[in-house]
Structure formats: C-alpha cells, structure tokens
>>> print(open('data26.txt').read())   # compact mmCIF, C-alpha atoms and all ligand atoms
# COMPACT_ATOMS: atom_id res chain seq x y z
CA MET A 57 -5.04 10.46 9.17
CA ARG A 58 -1.89 12.51 8.74
CA ILE A 59 0.75 11.48 11.20
CA ILE A 60 4.30 12.57 11.94
CA LEU A 61 6.44 9.91 13.59
CA PHE A 62 9.32 11.61 15.23
CA GLY A 63 12.30 10.53 17.35
CA PRO A 64 16.07 10.01 17.32
CA PRO A 65 17.72 7.78 14.73
CA GLY A 66 17.37 4.21 15.97
CA SER A 67 14.29 4.91 18.09
CA GLY A 68 12.47 2.23 16.10
CA LYS A 69 10.35 4.77 14.27
CA GLY A 70 10.92 3.13 10.86
CA THR A 71 9.62 -0.21 12.18
CA GLN A 72 6.70 1.39 14.00
CA ALA A 73 5.93 3.49 10.93
CA GLN A 74 5.72 0.37 8.78
CA LEU A 75 3.38 -1.39 11.23
CA LEU A 76 1.07 1.62 11.48
CA CYS A 77 0.99 2.03 7.69
CA ASN A 78 0.14 -1.66 7.20
CA LYS A 79 -2.63 -1.40 9.79
CA PHE A 80 -4.20 1.81 8.51
CA HIS A 81 -3.39 1.25 4.80
CA MET A 82 -1.59 4.53 4.36
CA PRO A 83 1.70 5.31 2.65
CA LYS A 84 4.87 5.64 4.73
CA ILE A 85 6.68 8.71 3.49
CA SER A 86 10.29 8.41 4.60
CA THR A 87 12.61 11.11 3.30
CA GLY A 88 15.53 8.78 4.11
CA ASP A 89 14.03 6.04 1.88
CA ILE A 90 13.40 8.58 -0.89
CA LEU A 91 17.04 9.71 -0.73
CA ARG A 92 18.36 6.11 -0.63
CA ALA A 93 16.26 5.29 -3.69
CA HIS A 94 17.85 8.26 -5.51
CA ILE A 95 21.31 6.98 -4.51
CA ALA A 96 20.51 3.41 -5.63
CA ASP A 97 19.20 4.74 -8.98
CA GLY A 98 22.24 7.02 -9.44
CA THR A 99 20.06 10.11 -10.04
CA PRO A 100 21.61 13.63 -9.86
CA ILE A 101 19.99 14.09 -6.43
CA GLY A 102 21.44 10.77 -5.27
CA GLN A 103 24.91 11.67 -6.54
CA LYS A 104 24.74 15.13 -4.97
CA PHE A 105 23.84 13.91 -1.47
CA GLU A 106 25.37 10.43 -1.23
CA LYS A 107 28.50 11.52 0.66
CA MET A 108 26.57 13.83 2.95
CA ILE A 109 24.14 11.06 3.91
CA ALA A 110 26.91 8.49 4.42
CA ALA A 111 28.57 10.99 6.78
CA GLY A 112 25.36 11.38 8.79
CA GLN A 113 24.81 15.03 7.84
CA LEU A 114 21.43 16.56 7.05
CA VAL A 115 20.50 17.35 3.47
CA PRO A 116 19.83 21.13 3.08
CA ASP A 117 16.31 22.17 4.10
CA GLU A 118 15.29 23.67 0.74
CA GLU A 119 16.06 20.49 -1.19
CA ILE A 120 14.45 18.07 1.24
CA ILE A 121 11.37 20.30 1.51
CA ALA A 122 11.10 20.25 -2.31
CA LEU A 123 11.43 16.44 -2.41
CA LEU A 124 8.81 15.96 0.29
CA THR A 125 6.35 18.49 -1.18
CA GLU A 126 6.54 16.70 -4.52
CA ARG A 127 5.94 13.31 -2.89
CA LEU A 128 2.94 14.53 -0.88
CA GLN A 129 1.22 15.62 -4.08
CA ALA A 130 1.01 12.02 -5.31
CA VAL A 131 -2.43 10.42 -5.44
CA ASP A 132 -1.66 7.85 -2.72
CA CYS A 133 -1.15 10.63 -0.16
CA GLN A 134 -4.55 12.23 -0.64
CA GLY A 135 -6.29 10.02 1.95
CA GLY A 136 -3.57 10.46 4.57
CA PHE A 137 0.04 9.49 5.17
CA LEU A 138 2.67 8.93 7.80
CA LEU A 139 5.85 11.00 7.77
CA ASP A 140 8.98 9.18 8.96
CA GLY A 141 12.12 11.32 9.20
CA PHE A 142 10.51 14.61 8.26
CA PRO A 143 10.53 17.27 9.62
CA ARG A 144 14.03 17.18 11.07
CA THR A 145 14.57 20.90 11.61
CA VAL A 146 12.36 23.76 12.77
CA LYS A 147 12.68 25.23 9.26
CA GLN A 148 11.22 22.03 7.77
CA ALA A 149 8.36 22.04 10.32
CA GLU A 150 7.62 25.67 9.45
CA ALA A 151 7.55 24.81 5.73
CA LEU A 152 5.11 21.94 6.36
CA ASP A 153 2.97 24.26 8.47
CA LYS A 154 2.93 26.94 5.76
CA SER A 155 2.02 24.39 3.07
CA GLY A 156 -1.44 24.22 4.68
CA ILE A 157 -1.27 20.44 5.19
CA LEU A 158 -2.93 19.86 8.54
CA ILE A 159 -1.27 17.19 10.67
CA ASP A 160 -3.54 15.19 13.00
CA CYS A 161 -0.93 13.92 15.41
CA ILE A 162 2.76 13.85 16.15
CA ILE A 163 4.08 10.69 17.78
CA TYR A 164 7.35 11.32 19.61
CA ILE A 165 9.36 8.21 20.49
CA THR A 166 12.12 8.64 23.09
CA VAL A 167 15.14 6.37 23.56
CA SER A 168 18.46 6.98 25.38
CA ASP A 169 21.62 7.57 23.33
CA GLU A 170 23.14 4.40 24.81
CA ASP A 171 20.28 2.21 23.54
CA ILE A 172 20.39 3.91 20.15
CA ILE A 173 24.05 3.02 19.66
CA THR A 174 23.33 -0.65 20.49
CA ARG A 175 20.36 -0.78 18.14
CA LEU A 176 21.82 1.06 15.16
CA SER A 177 25.13 -0.75 15.09
CA GLY A 178 23.23 -4.06 14.71
CA ARG A 179 20.59 -2.83 12.28
CA TRP A 180 19.98 -4.36 8.84
CA ILE A 181 17.53 -3.03 6.28
CA HIS A 182 15.74 -4.06 3.12
CA LEU A 183 16.76 -1.25 0.81
CA ALA A 184 13.73 -1.19 -1.52
CA SER A 185 11.04 -1.08 1.19
CA GLY A 186 12.88 0.43 4.16
CA ARG A 187 11.92 -2.57 6.33
CA VAL A 188 14.21 -2.70 9.34
CA TYR A 189 15.58 -5.74 11.20
CA HIS A 190 17.86 -6.40 14.15
CA PRO A 191 19.26 -9.85 15.02
CA GLU A 192 18.25 -9.43 18.68
CA PHE A 193 15.18 -7.15 18.77
CA ASN A 194 13.47 -7.81 15.46
CA PRO A 195 15.12 -10.71 13.62
CA PRO A 196 14.11 -11.65 10.07
CA LYS A 197 12.50 -15.10 9.68
CA VAL A 198 15.55 -16.22 7.69
CA PRO A 199 18.90 -14.61 8.69
CA ASN A 200 20.00 -11.72 6.43
CA VAL A 201 16.93 -11.97 4.20
CA ASP A 202 13.84 -9.73 3.92
CA ASP A 203 10.66 -11.47 5.21
CA VAL A 204 8.44 -10.25 2.36
CA THR A 205 10.60 -10.39 -0.78
CA GLY A 206 13.36 -12.82 0.22
CA GLU A 207 15.91 -10.25 -0.99
CA PRO A 208 19.20 -9.75 0.90
CA LEU A 209 19.42 -7.23 3.76
CA VAL A 210 22.12 -4.57 3.83
CA GLN A 211 23.76 -2.49 6.54
CA ARG A 212 23.56 1.28 6.04
CA GLU A 213 26.81 3.23 5.59
CA ASP A 214 25.57 5.73 8.17
CA ASP A 215 24.93 3.00 10.78
CA LYS A 216 28.67 2.67 11.43
CA GLU A 217 29.49 3.62 15.00
CA ALA A 218 31.49 6.82 14.28
CA VAL A 219 28.70 8.09 12.05
CA ILE A 220 26.04 7.18 14.62
CA HIS A 221 27.69 9.54 17.15
CA ARG A 222 27.63 12.33 14.58
CA ARG A 223 23.96 11.65 13.73
CA LEU A 224 23.06 11.76 17.42
CA GLN A 225 24.88 15.08 17.85
CA ILE A 226 22.98 16.50 14.88
CA TYR A 227 19.72 15.06 16.21
CA HIS A 228 20.15 16.77 19.59
CA ARG A 229 21.18 20.05 17.98
CA GLU A 230 18.84 20.30 14.99
CA THR A 231 15.88 17.97 15.52
CA GLU A 232 15.21 17.74 19.26
CA PRO A 233 14.22 21.45 19.48
CA LEU A 234 11.23 20.46 17.35
CA VAL A 235 9.66 18.77 20.39
CA ASN A 236 9.22 22.12 22.12
CA TRP A 237 8.25 23.77 18.84
CA TYR A 238 5.38 21.31 18.53
CA ARG A 239 4.56 21.36 22.24
CA GLU A 240 4.16 25.13 22.15
CA ARG A 241 1.91 25.02 19.08
CA TRP A 242 0.08 21.73 19.13
CA ALA A 243 0.42 20.21 22.59
CA ASP A 244 -2.92 18.46 22.04
CA LYS A 245 -1.55 16.66 18.98
CA LEU A 246 1.66 15.44 20.57
CA ILE A 247 1.83 11.83 21.80
CA ASP A 248 4.89 10.85 23.89
CA ILE A 249 5.92 7.22 23.65
CA ALA A 250 8.78 5.54 25.55
CA GLY A 251 10.66 3.59 22.88
CA LEU A 252 11.76 0.80 25.22
CA GLY A 253 10.41 -2.74 25.07
CA SER A 254 9.43 -5.09 22.27
CA VAL A 255 8.33 -3.85 18.86
CA GLN A 256 4.80 -5.12 19.62
CA ALA A 257 4.64 -3.48 23.07
CA ILE A 258 5.61 -0.12 21.59
CA GLN A 259 3.11 -0.56 18.75
CA ASN A 260 0.37 -1.32 21.32
CA ALA A 261 1.28 1.81 23.29
CA ILE A 262 1.04 3.91 20.12
CA LEU A 263 -2.32 2.39 19.13
CA LYS A 264 -3.71 2.92 22.65
CA ALA A 265 -2.57 6.56 22.63
CA LEU A 266 -4.17 7.09 19.21
CA VAL A 267 -7.50 5.67 20.44
CA ASN A 268 -7.36 7.85 23.59
CA LYS A 269 -6.63 10.89 21.48
CA GLU A 270 -9.49 10.08 19.12
CA GLN A 271 -11.90 9.69 22.04
CA ALA A 272 -10.74 12.97 23.60
CA SER A 273 -11.35 14.97 20.40
P1 LIG B 301 16.76 8.28 7.85
O1 LIG B 301 16.55 7.07 7.02
O2 LIG B 301 15.47 8.99 8.17
O3 LIG B 301 17.60 8.03 9.08
O4 LIG B 301 17.60 9.31 6.95
C1 LIG B 301 18.89 8.99 6.47
C2 LIG B 301 19.65 10.24 6.11
O5 LIG B 301 18.96 10.94 5.06
C3 LIG B 301 19.78 11.26 7.22
O6 LIG B 301 20.84 10.98 8.12
C4 LIG B 301 20.02 12.53 6.42
O7 LIG B 301 21.34 12.54 5.89
C5 LIG B 301 19.07 12.36 5.24
N1 LIG B 301 17.72 12.86 5.55
C6 LIG B 301 16.57 12.13 5.67
N2 LIG B 301 15.53 12.91 5.98
C7 LIG B 301 16.02 14.17 6.09
C8 LIG B 301 15.44 15.42 6.43
N3 LIG B 301 14.14 15.53 6.72
N4 LIG B 301 16.25 16.51 6.43
C9 LIG B 301 17.56 16.41 6.13
N5 LIG B 301 18.18 15.27 5.82
C10 LIG B 301 17.43 14.14 5.80
>>> encode(input="data26.txt", output="structure tokens", more="lines below")
Ligand code: AMP
Amino acid sequence: MRIILFGPPGSGKGTQAQLLCNKFHMPKISTGDILRAHIADGTPIGQKFEKMIAAGQLVPDEEIIALLTERLQAVDCQGGFLLDGFPRTVKQAEALDKSGILIDCIIYITVSDEDIITRLSGRWIHLASGRVYHPEFNPPKVPNVDDVTGEPLVQREDDKEAVIHRRLQIYHRETEPLVNWYRERWADKLIDIAGLGSVQAIQNAILKALVNKEQAS
C-alpha cells in the first residue's frame, strides 16, 4: 500500500502514521523527520534549513522533492510506504504524480485551528523516531521519556505558539488547496477523517475507512 496521510500540523497525523506503519509493517516517510535528522547531524542541508524550519516556513519545493525522491528509492519503500508531511504544496503533489509512483489512498485528517493550538503547544516528541506524545491526549508511560527507547522527549522549536500561528497560516495558504487538487483528480482515493477523539478512536475510523475502500475497489 502507498498512502499519503495529510492534514494540518497538529492533526495527529504523525501519531496515526506511526500506528498504521506498525500495523502494516511499512516505513513512515516523514519529510519533517528527515529534515530534523539532518539538523541533528549538522549536515549542510540541516544547516541550510534549520532557521527556516524553526520559523515554521516551508523548505523550497525543489529541495524537498529531491530529498523525498531519494528516500523513496530505498529498498524498504519498494513494498509500500506511508507519506507523512509530503506533499505540502500543489507543486510537490504534481512532482509525485509525474514520478509515476501510484498512490493508493490519501487520508485527510481535519481538525479546527483552535484544537491544533492546544495540541501543538503541549506536544513532546522523541527526536530519533518522530514518536509524538501529549501529556493530556497521548501521555508517555513515564513522564518526559520515550516509551520504546527510554530516551528523553523534546519540544520542537516550531511548536512555540507564535510559530504555530505562522504554520497554520502557511498550511491554509499552501497546503489546504491540495484537498481540492486531490478531490478533482482522485476523489475515489480520498478518505476524510475527523481528527477529534482519542488516538485509538481515530485509528479505528481510519482502519474502517481503509477496509470499506478495499471492499469497494
Ligand atoms: P513536520 O514535522 O511535517 O511538521 O515538518 C516540520 C517542518 O519541516 C515544516 O514546518 C517545514 O518547515 C519542513 N517541511 C517538512 N515537510 C515539508 C514539505 N513537504 N515541504 C516543505 N517543507 C517541509
């Protein structure tokens, strides 16, 4: 299966992506995680985009398309993958389309701006894996520590409230138009999911929609 998981920052797509990838044994390809790994390793790409990412701006299309294309060529992606955080602009969606990689479904999670601000400002992540926690909605077993590795959790620079507003503005301007872009081309592949409720309830809704889609095709 090749899946795009799409939605505003803080819609819970990172968490849902991880659960789906664990269930279906496929790699989660998050362009945000790839960029954060470059920053943590101090690579030229990391150094070039660190400030931009901390400020909540989008990395230029050409460079993110190149990073993603390279990642999708890896052996672990040959049997399928889940894209989290890509595409984020119509230009990126067009590039994916032109690459000839056929996507099976696009899961679109919706959440109000108000809920996003509450969620993101309390979000903690495990940097190496991209696992996401929230003290209220998805707490780690031990406070401030990753469930799997026991390593400390960190708060993202771009999860500060002023930056969240900027990211939401950019989302509405650059990324939201993708919904109609996909609806016009592949309405049959688009799955709408309301991102409200517990992590498990949303996961169940996604799994049910995937089964329904499978049965319909
Ligand atoms: P994320 O972890 O998906 O929220 O991504 C964190 C940040 O990385 C974003 O706010 C952007 O600065 C950058 N980024 C991640 N994916 C993309 C993308 N597809 N296009 C442009 N910038 C991206």
>>> atom_distance(input="data26.txt", atom1="CA of Gly186 in chain A", atom2="CA of Gly70 in chain A")
7.5 Å
>>> residues_near_ligand(input="data26.txt", ligand="ligand LIG 301 (chain B)", cutoff="8 Å", atoms="all atoms listed in the file", output="ChimeraX atom specification")
/A:65-66,70,86-89,91-92,105,108-117,120-121,140-145,148,214,223
>>> closest_residue(input="data26.txt", among="A:Leu138, A:Leu76, A:Ala96, A:Leu252", to="Cys161 in chain A", atoms="all atoms listed in the file")
A:Leu138
>>> atom_distance(input="data26.txt", atom1="CA of Leu128 in chain A", atom2="CA of Ile165 in chain A")
23.2 Å
>>> closest_residue(input="data26.txt", among="A:Gln225, A:Ser273, A:Ser67, A:Ser185", to="Val210 in chain A", atoms="all atoms listed in the file")
A:Ser185
>>> closest_residue(input="data26.txt", among="A:Phe137, A:Thr125, A:Val235, A:His81", to="Gly156 in chain A", atoms="all atoms listed in the file")
A:Thr125
>>> closest_residue(input="data26.txt", among="A:Arg229, A:Arg212, A:Ala218, A:Met57", to="Glu270 in chain A", atoms="only C-alpha atoms")
A:Met57
>>> atom_distance(input="data26.txt", atom1="CA of Leu183 in chain A", atom2="CA of Leu139 in chain A")
17.8 Å
>>> residues_around(input="data26.txt", residues="Asn200 in chain A", least_positions_apart="4", cutoff="9 Å", atoms="all atoms listed in the file", output="VMD selection string")
chain A and resid 180 189 191 195 to 196 207 to 210
>>> write_last_selection(input="data26.txt", atoms="C-alpha atoms", output="PDB file, in the coordinates of the input")
ATOM      1  CA  TRP A 180      19.980  -4.360   8.840  1.00  0.00           C
ATOM      2  CA  TYR A 189      15.580  -5.740  11.200  1.00  0.00           C
ATOM      3  CA  PRO A 191      19.260  -9.850  15.020  1.00  0.00           C
ATOM      4  CA  PRO A 195      15.120 -10.710  13.620  1.00  0.00           C
ATOM      5  CA  PRO A 196      14.110 -11.650  10.070  1.00  0.00           C
ATOM      6  CA  GLU A 207      15.910 -10.250  -0.990  1.00  0.00           C
ATOM      7  CA  PRO A 208      19.200  -9.750   0.900  1.00  0.00           C
ATOM      8  CA  LEU A 209      19.420  -7.230   3.760  1.00  0.00           C
ATOM      9  CA  VAL A 210      22.120  -4.570   3.830  1.00  0.00           C
TER      10      VAL A 210
END
>>> residues_near_point(input="data26.txt", point="(2.4, 21.7, 3.3)", cutoff="12 Å", atoms="all atoms listed in the file", output="PyMOL selection string")
chain A and resi 58+121-129+142-143+148-159
>>> build_atoms(input="data26.txt", residues="range 150-173 of chain A", atoms="N, CA, C and O atoms", output="PDB file, in the frame of the given file")
ATOM      1  N   GLU A 150       8.283  24.420   9.842  1.00  0.00           N
ATOM      2  CA  GLU A 150       7.620  25.670   9.450  1.00  0.00           C
ATOM      3  C   GLU A 150       7.119  25.562   8.011  1.00  0.00           C
ATOM      4  O   GLU A 150       6.013  25.996   7.688  1.00  0.00           O
ATOM      5  N   ALA A 151       7.943  24.949   7.145  1.00  0.00           N
ATOM      6  CA  ALA A 151       7.550  24.810   5.730  1.00  0.00           C
ATOM      7  C   ALA A 151       6.314  23.918   5.608  1.00  0.00           C
ATOM      8  O   ALA A 151       5.394  24.208   4.840  1.00  0.00           O
ATOM      9  N   LEU A 152       6.273  22.849   6.392  1.00  0.00           N
ATOM     10  CA  LEU A 152       5.110  21.940   6.360  1.00  0.00           C
ATOM     11  C   LEU A 152       3.868  22.691   6.847  1.00  0.00           C
ATOM     12  O   LEU A 152       2.791  22.580   6.260  1.00  0.00           O
ATOM     13  N   ASP A 153       4.059  23.459   7.902  1.00  0.00           N
ATOM     14  CA  ASP A 153       2.970  24.260   8.470  1.00  0.00           C
ATOM     15  C   ASP A 153       2.416  25.226   7.431  1.00  0.00           C
ATOM     16  O   ASP A 153       1.206  25.309   7.221  1.00  0.00           O
ATOM     17  N   LYS A 154       3.340  25.926   6.755  1.00  0.00           N
ATOM     18  CA  LYS A 154       2.930  26.940   5.760  1.00  0.00           C
ATOM     19  C   LYS A 154       2.256  26.302   4.555  1.00  0.00           C
ATOM     20  O   LYS A 154       1.484  26.948   3.860  1.00  0.00           O
ATOM     21  N   SER A 155       2.581  25.041   4.267  1.00  0.00           N
ATOM     22  CA  SER A 155       2.020  24.390   3.070  1.00  0.00           C
ATOM     23  C   SER A 155       0.514  24.166   3.220  1.00  0.00           C
ATOM     24  O   SER A 155      -0.169  23.833   2.265  1.00  0.00           O
ATOM     25  N   GLY A 156       0.011  24.351   4.451  1.00  0.00           N
ATOM     26  CA  GLY A 156      -1.440  24.220   4.680  1.00  0.00           C
ATOM     27  C   GLY A 156      -1.865  22.779   4.915  1.00  0.00           C
ATOM     28  O   GLY A 156      -3.040  22.514   5.110  1.00  0.00           O
ATOM     29  N   ILE A 157      -0.928  21.846   4.912  1.00  0.00           N
ATOM     30  CA  ILE A 157      -1.270  20.440   5.190  1.00  0.00           C
ATOM     31  C   ILE A 157      -1.450  20.302   6.704  1.00  0.00           C
ATOM     32  O   ILE A 157      -0.502  20.547   7.464  1.00  0.00           O
ATOM     33  N   LEU A 158      -2.649  19.954   7.114  1.00  0.00           N
ATOM     34  CA  LEU A 158      -2.930  19.860   8.540  1.00  0.00           C
ATOM     35  C   LEU A 158      -2.556  18.480   9.065  1.00  0.00           C
ATOM     36  O   LEU A 158      -3.017  17.472   8.542  1.00  0.00           O
ATOM     37  N   ILE A 159      -1.713  18.457  10.080  1.00  0.00           N
ATOM     38  CA  ILE A 159      -1.270  17.190  10.670  1.00  0.00           C
ATOM     39  C   ILE A 159      -2.193  16.850  11.841  1.00  0.00           C
ATOM     40  O   ILE A 159      -2.540  17.721  12.641  1.00  0.00           O
ATOM     41  N   ASP A 160      -2.609  15.585  11.926  1.00  0.00           N
ATOM     42  CA  ASP A 160      -3.540  15.190  13.000  1.00  0.00           C
ATOM     43  C   ASP A 160      -2.811  14.859  14.288  1.00  0.00           C
ATOM     44  O   ASP A 160      -3.296  15.148  15.368  1.00  0.00           O
ATOM     45  N   CYS A 161      -1.666  14.187  14.166  1.00  0.00           N
ATOM     46  CA  CYS A 161      -0.930  13.920  15.410  1.00  0.00           C
ATOM     47  C   CYS A 161       0.552  13.698  15.153  1.00  0.00           C
ATOM     48  O   CYS A 161       0.965  13.322  14.041  1.00  0.00           O
ATOM     49  N   ILE A 162       1.309  13.982  16.195  1.00  0.00           N
ATOM     50  CA  ILE A 162       2.760  13.850  16.150  1.00  0.00           C
ATOM     51  C   ILE A 162       3.135  12.855  17.229  1.00  0.00           C
ATOM     52  O   ILE A 162       2.889  13.102  18.416  1.00  0.00           O
ATOM     53  N   ILE A 163       3.689  11.715  16.810  1.00  0.00           N
ATOM     54  CA  ILE A 163       4.080  10.690  17.780  1.00  0.00           C
ATOM     55  C   ILE A 163       5.584  10.841  18.011  1.00  0.00           C
ATOM     56  O   ILE A 163       6.372  10.783  17.064  1.00  0.00           O
ATOM     57  N   TYR A 164       5.939  11.070  19.270  1.00  0.00           N
ATOM     58  CA  TYR A 164       7.350  11.320  19.610  1.00  0.00           C
ATOM     59  C   TYR A 164       7.884  10.150  20.422  1.00  0.00           C
ATOM     60  O   TYR A 164       7.467   9.917  21.546  1.00  0.00           O
ATOM     61  N   ILE A 165       8.793   9.395  19.820  1.00  0.00           N
ATOM     62  CA  ILE A 165       9.360   8.210  20.490  1.00  0.00           C
ATOM     63  C   ILE A 165      10.705   8.599  21.121  1.00  0.00           C
ATOM     64  O   ILE A 165      11.575   9.146  20.442  1.00  0.00           O
ATOM     65  N   THR A 166      10.856   8.294  22.416  1.00  0.00           N
ATOM     66  CA  THR A 166      12.120   8.640  23.090  1.00  0.00           C
ATOM     67  C   THR A 166      12.920   7.376  23.440  1.00  0.00           C
ATOM     68  O   THR A 166      12.356   6.372  23.876  1.00  0.00           O
ATOM     69  N   VAL A 167      14.212   7.460  23.226  1.00  0.00           N
ATOM     70  CA  VAL A 167      15.140   6.370  23.560  1.00  0.00           C
ATOM     71  C   VAL A 167      16.471   7.005  23.974  1.00  0.00           C
ATOM     72  O   VAL A 167      16.848   8.059  23.432  1.00  0.00           O
ATOM     73  N   SER A 168      17.182   6.406  24.939  1.00  0.00           N
ATOM     74  CA  SER A 168      18.460   6.980  25.380  1.00  0.00           C
ATOM     75  C   SER A 168      19.532   6.802  24.294  1.00  0.00           C
ATOM     76  O   SER A 168      19.444   5.863  23.488  1.00  0.00           O
ATOM     77  N   ASP A 169      20.531   7.662  24.314  1.00  0.00           N
ATOM     78  CA  ASP A 169      21.620   7.570  23.330  1.00  0.00           C
ATOM     79  C   ASP A 169      22.305   6.206  23.389  1.00  0.00           C
ATOM     80  O   ASP A 169      22.678   5.636  22.367  1.00  0.00           O
ATOM     81  N   GLU A 170      22.464   5.688  24.615  1.00  0.00           N
ATOM     82  CA  GLU A 170      23.140   4.400  24.810  1.00  0.00           C
ATOM     83  C   GLU A 170      22.394   3.275  24.047  1.00  0.00           C
ATOM     84  O   GLU A 170      23.004   2.482  23.329  1.00  0.00           O
ATOM     85  N   ASP A 171      21.070   3.238  24.217  1.00  0.00           N
ATOM     86  CA  ASP A 171      20.280   2.210  23.540  1.00  0.00           C
ATOM     87  C   ASP A 171      20.321   2.388  22.022  1.00  0.00           C
ATOM     88  O   ASP A 171      20.311   1.416  21.268  1.00  0.00           O
ATOM     89  N   ILE A 172      20.367   3.637  21.597  1.00  0.00           N
ATOM     90  CA  ILE A 172      20.390   3.910  20.150  1.00  0.00           C
ATOM     91  C   ILE A 172      21.646   3.323  19.521  1.00  0.00           C
ATOM     92  O   ILE A 172      21.597   2.697  18.460  1.00  0.00           O
ATOM     93  N   ILE A 173      22.777   3.511  20.207  1.00  0.00           N
ATOM     94  CA  ILE A 173      24.050   3.020  19.660  1.00  0.00           C
ATOM     95  C   ILE A 173      23.992   1.492  19.515  1.00  0.00           C
ATOM     96  O   ILE A 173      24.374   0.939  18.487  1.00  0.00           O
TER      97      ILE A 173
END
